[in-house]
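Worksheet: one structure, shown below.
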Amino acid sequence: MKQNEQYQLVIRSLSDRIVEAQAPIRVLDAIKWDDSVRDSFFQKRCKAIPDITPDYYAQRPLGYNPGELRQVFQDIERDITRQLGTFNPVGQIMRRMCREYRMVIRMLEARGSADFGLISQELYGAASDAFHAGDPTLTDLGIALSESLSNIARTEIAREPKTIAAPEAVDILQARMNDAFPDDQAVRVFESDGIVADAAAGADYIKIRSDAKFNQRDLNILAVHEGMVHVATSLNGQHQPICTFLAKGPPSSTVTQEGLAILMEVLTFASYPARLRKLTDRTRAIQIAETGGDFMDVFQFYRDEGYSREDGYNNASRVFRGSSSNGLPFTKDLVYLKGFILTYNYIQLAVRKGKLQQIPLLFCGKTTLEDMRTLNQLVEEGLVVPPRYLPSPFADLNALSAWMCFSGFLNNLSLERVEADYANIL
């Protein structure tokens, strides 16, 4: 056997071991609250915080032995170094994945305790994080966007009523997925009672909450966000012949994947103010919990923002799932705005530097921004194949480059001066 073929087999074997080891880890299933918590909250007329303690989570085992699984990842990481060396680019990516998965397991072991929130901040970030020294924090960004959205809310933009029930939504999205992924007809859209959000995507499926209602704009966002990003990157990862780990995403890839999904919403004109408001409110809610607020404080924040009791509960429970009702928050929902900013800046810089060939590689699997240069090198070496499925804004790099060039120029203009210039006509 040729040396290069042996090298590829080693990478494939180590990669497959990571994919197999992470299979039983189900973060959202492990931390979600069951319906009895919601029912009790409403029976008490929304006056008492849910009684969530470590004992609540102890009644819901993870389905695997955490210590044993951590050791599995430790063994894989050790074998990566033994077989590929310390500085091998693929090995560095896979070792980081092993470390992240061990940290995820530690976080889930700490459900209901303060350590859960602290580890969550390590994995996903905190609302007080800044992008650079002296820059605004994620909280500052959320507040600034909320002020703009408040001005938009005063205008008479008609809101489409949500008249599409889950069964019809499933049929509409299934048809769109069949068109988008003609070579993977196994992509399924189906109803589910076990999710908090209106919809969620897996490796080859999209789940629709059975009692949710939608309008056409909602379905456009689901097709773009869940389908053309989350499902597409999963399928592209599954089609990797050697680096199979790209089919699975540790927390570091979540930031990039959600950033791509929000950017896709913007580029395809699928997003709208109420959608953006939902994302900014999630950031602000996490900030409230990080600064000492409990479940009732976050629930009241949502009620004050005009959310219904049911939506207020659902959103507040997203913040505290995995934690206690007065503990540190689960900070995963920060990745939407954080990922959007980081991904947008990366693409704009790639355009400015003329490295357009790296942009589509964002879709070759569950990628992480810090790995993009390495992934480009791996494509050249034949270890990674380009994405099979690429959404139209990223398939036409000429158009995307033009959009980014104009956007980059406009970012340099002073909004205060523009506002003064337009004062007499706006």
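Ordered as shown in the structure tokens, chains take letters A, B, and onward, while each chain numbers its residues from 1 and ligands are numbered from 1 in the order shown.
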Which polymer residues have any atom within 10 Å of an atom of Leu28 in chain A, counting only C-alpha atoms, with same-chain residues fewer than 5 positions away left out, as a PyMOL selection string? chain A and resi 33+108+195-196+318+321-322
With C-alpha atoms kept, could you save the residues just selected as a PDB file, in the first residue's frame?
ATOM      1  CA  TRP A  33     -37.468  20.697  30.783  1.00  0.00           C
ATOM      2  CA  LEU A 108     -23.863  17.809  31.243  1.00  0.00           C
ATOM      3  CA  ILE A 195     -38.822  20.355  20.798  1.00  0.00           C
ATOM      4  CA  VAL A 196     -39.020  23.830  22.327  1.00  0.00           C
ATOM      5  CA  ARG A 318     -34.375  28.208  26.866  1.00  0.00           C
ATOM      6  CA  ARG A 321     -32.406  24.743  30.586  1.00  0.00           C
ATOM      7  CA  GLY A 322     -29.653  22.614  32.056  1.00  0.00           C
TER       8      GLY A 322
END
Set the distance at 9 Å and use only C-alpha atoms: which residues neighbour Arg12 in chain A once local chain neighbours fewer than 4 positions away are removed? I'd like the list as a PyMOL selection string. chain A and resi 7-8+16-17+241-245
Selection to disk with C-alpha atoms, as a CSV table (one decimal), in the first residue's frame:
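The resulting file, result-v6.csv, is shown below:
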chain,number,residue,atom,x,y,z
A,7,TYR,CA,-1.9,8.1,5.8
A,8,GLN,CA,-5.5,8.6,4.5
A,16,ASP,CA,-14.6,7.5,12.4
A,17,ARG,CA,-13.8,6.9,16.1
A,241,PRO,CA,-14.5,10.2,2.2
A,242,ILE,CA,-11.7,10.7,4.7
A,243,CYS,CA,-12.4,13.5,7.2
A,244,THR,CA,-15.7,12.1,8.3
A,245,PHE,CA,-15.6,14.2,11.5
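Distances to Thr139 in chain A were evaluated for A:Met97, A:Ala285, A:Met228, A:Val189 using only C-alpha atoms, and the minimum falls at A:Ala285.
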Contacts of Leu246 in chain A within 7 Å, only C-alpha atoms, excl. fewer than 6 positions in-chain, as a short mmCIF file (atom, residue, chain, number, x, y, z; two decimals) with C-alpha atoms, in the first residue's frame:
data_model
loop_
_atom_site.label_atom_id
_atom_site.label_comp_id
_atom_site.auth_asym_id
_atom_site.auth_seq_id
_atom_site.Cartn_x
_atom_site.Cartn_y
_atom_site.Cartn_z
CA GLY A 237 -19.90 16.33 5.88
CA GLY A 365 -19.21 20.17 6.73
CA LYS A 366 -19.57 21.39 10.31
CA THR A 367 -16.69 23.81 9.97
#
Let's see if you can do this: from backbone DSSP, list all strand (DSSP E or B) residues in range 32-229 of chain A, as a count of residues only. 19
Between A:Gln287, A:Ala316, A:Leu138, A:Leu14, which one has atoms that come closest to Gly91 in chain A, using only C-alpha atoms? A:Leu14
Need to verify the contact set: Ser401 in chain A, 10 Å, only C-alpha atoms, exclusion of same-chain residues closer than 4 positions in sequence. Can you return it as a list in words? Ile347, Gln348, Ala350, Val351, Arg352, Gly354, Leu356, Phe394, Asp396, Leu397, Cys405, Phe406 and Ser407 of chain A
With N, CA and C atoms retained, export the selected residues as a short mmCIF file (atom, residue, chain, number, x, y, z; two decimals), in the first residue's frame.
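Result file follows (result.cif):
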data_model
loop_
_atom_site.label_atom_id
_atom_site.label_comp_id
_atom_site.auth_asym_id
_atom_site.auth_seq_id
_atom_site.Cartn_x
_atom_site.Cartn_y
_atom_site.Cartn_z
N ILE A 347 -15.91 36.58 5.74
CA ILE A 347 -16.18 36.60 4.30
C ILE A 347 -15.75 37.92 3.69
N GLN A 348 -16.04 39.02 4.39
CA GLN A 348 -15.64 40.32 3.87
C GLN A 348 -14.11 40.43 3.75
N ALA A 350 -12.04 37.85 3.39
CA ALA A 350 -11.63 36.95 2.32
C ALA A 350 -11.79 37.61 0.96
N VAL A 351 -12.87 38.36 0.78
CA VAL A 351 -13.08 39.10 -0.47
C VAL A 351 -12.01 40.16 -0.65
N ARG A 352 -11.74 40.90 0.41
CA ARG A 352 -10.76 41.99 0.34
C ARG A 352 -9.37 41.47 -0.01
N GLY A 354 -8.80 38.69 -1.68
CA GLY A 354 -8.83 37.90 -2.90
C GLY A 354 -8.75 36.41 -2.67
N LEU A 356 -11.15 34.11 -2.46
CA LEU A 356 -12.54 33.70 -2.64
C LEU A 356 -12.72 32.20 -2.56
N PHE A 394 -23.75 31.61 -2.23
CA PHE A 394 -22.35 31.22 -2.10
C PHE A 394 -21.84 30.48 -3.33
N ASP A 396 -22.43 31.70 -6.35
CA ASP A 396 -22.06 32.79 -7.26
C ASP A 396 -21.13 33.75 -6.51
N LEU A 397 -19.85 33.44 -6.54
CA LEU A 397 -18.89 34.26 -5.79
C LEU A 397 -18.71 35.64 -6.38
N CYS A 405 -18.11 44.00 -1.29
CA CYS A 405 -17.32 45.21 -1.56
C CYS A 405 -18.12 46.47 -1.26
N PHE A 406 -19.37 46.50 -1.74
CA PHE A 406 -20.22 47.65 -1.45
C PHE A 406 -20.48 47.75 0.06
N SER A 407 -20.75 46.61 0.69
CA SER A 407 -21.02 46.61 2.12
C SER A 407 -19.83 47.12 2.90
#
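Shortest atom-to-atom contact with Tyr101 in chain A among A:Ser150, A:Ser253, A:Ser192, A:Ser324: A:Ser253, counting only C-alpha atoms.
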May I have all residues of range 55-195 of chain A that DSSP, computed from the backbone, assigns to alpha helix (DSSP H), given as a PyMOL selection string? chain A and resi 55-58+66-84+89-109+114-124+138-153+166-180
Got a sec: who's within 12 Å of Ser210 in chain A, counting only C-alpha atoms, leaving out chain neighbours fewer than 5 positions off, as JSON, numbers by chain? {"A": [164, 165, 166, 167, 168, 169, 170, 189, 190, 191, 192, 193, 194, 195, 196, 197, 198, 199]}
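Of the listed residues A:Glu5, A:Asp51, A:Asp204, A:Glu380, the one whose atoms come nearest to Phe295 in chain A is A:Asp51, with distances taken using only C-alpha atoms.
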Non-local contacts of Asp184 in chain A (10 Å; only C-alpha atoms; under 6 positions in same chain excluded) as a ChimeraX atom specification: /A:177-178,204,235
I need the chosen residues saved as an mmCIF file, in the first residue's frame, with C-alpha atoms.
data_model
loop_
_atom_site.group_PDB
_atom_site.id
_atom_site.type_symbol
_atom_site.label_atom_id
_atom_site.label_comp_id
_atom_site.auth_asym_id
_atom_site.auth_seq_id
_atom_site.Cartn_x
_atom_site.Cartn_y
_atom_site.Cartn_z
ATOM 1 C CA MET A 177 -35.959 19.835 0.519
ATOM 2 C CA ASN A 178 -36.582 17.369 -2.308
ATOM 3 C CA ASP A 204 -30.850 14.532 7.501
ATOM 4 C CA LEU A 235 -24.902 16.119 4.166
#
Counting only C-alpha atoms, which residue out of A:Val37, A:Leu337, A:Leu378, A:Ala261 sits closest to Asp140 in chain A? A:Leu337
Residues near Tyr64 in chain A, cut-off 12 Å, only C-alpha atoms, skip fewer than 2 positions along chain, as a list in words: Ala21, Gln22, Ala23, Pro24, Ile25, Arg26, Ala30, Arg60, Pro61, Leu62, Pro66, Gly67, Glu68, Leu69, Arg70, Val72, Ile105, Leu108 and Glu109 of chain A
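Candidate residues A:Leu362, A:Leu349, A:Leu383, A:Ala200 were compared for distance to Leu9 in chain A, and the nearest is A:Leu383, using only C-alpha atoms.
Coordinates place CA of Asn236 in chain A at a distance of 5.3 Å from CA of Cys364 in chain A.
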Between CA of Glu370 in chain A and CA of Ala127 in chain A lies a distance of 21.1 Å
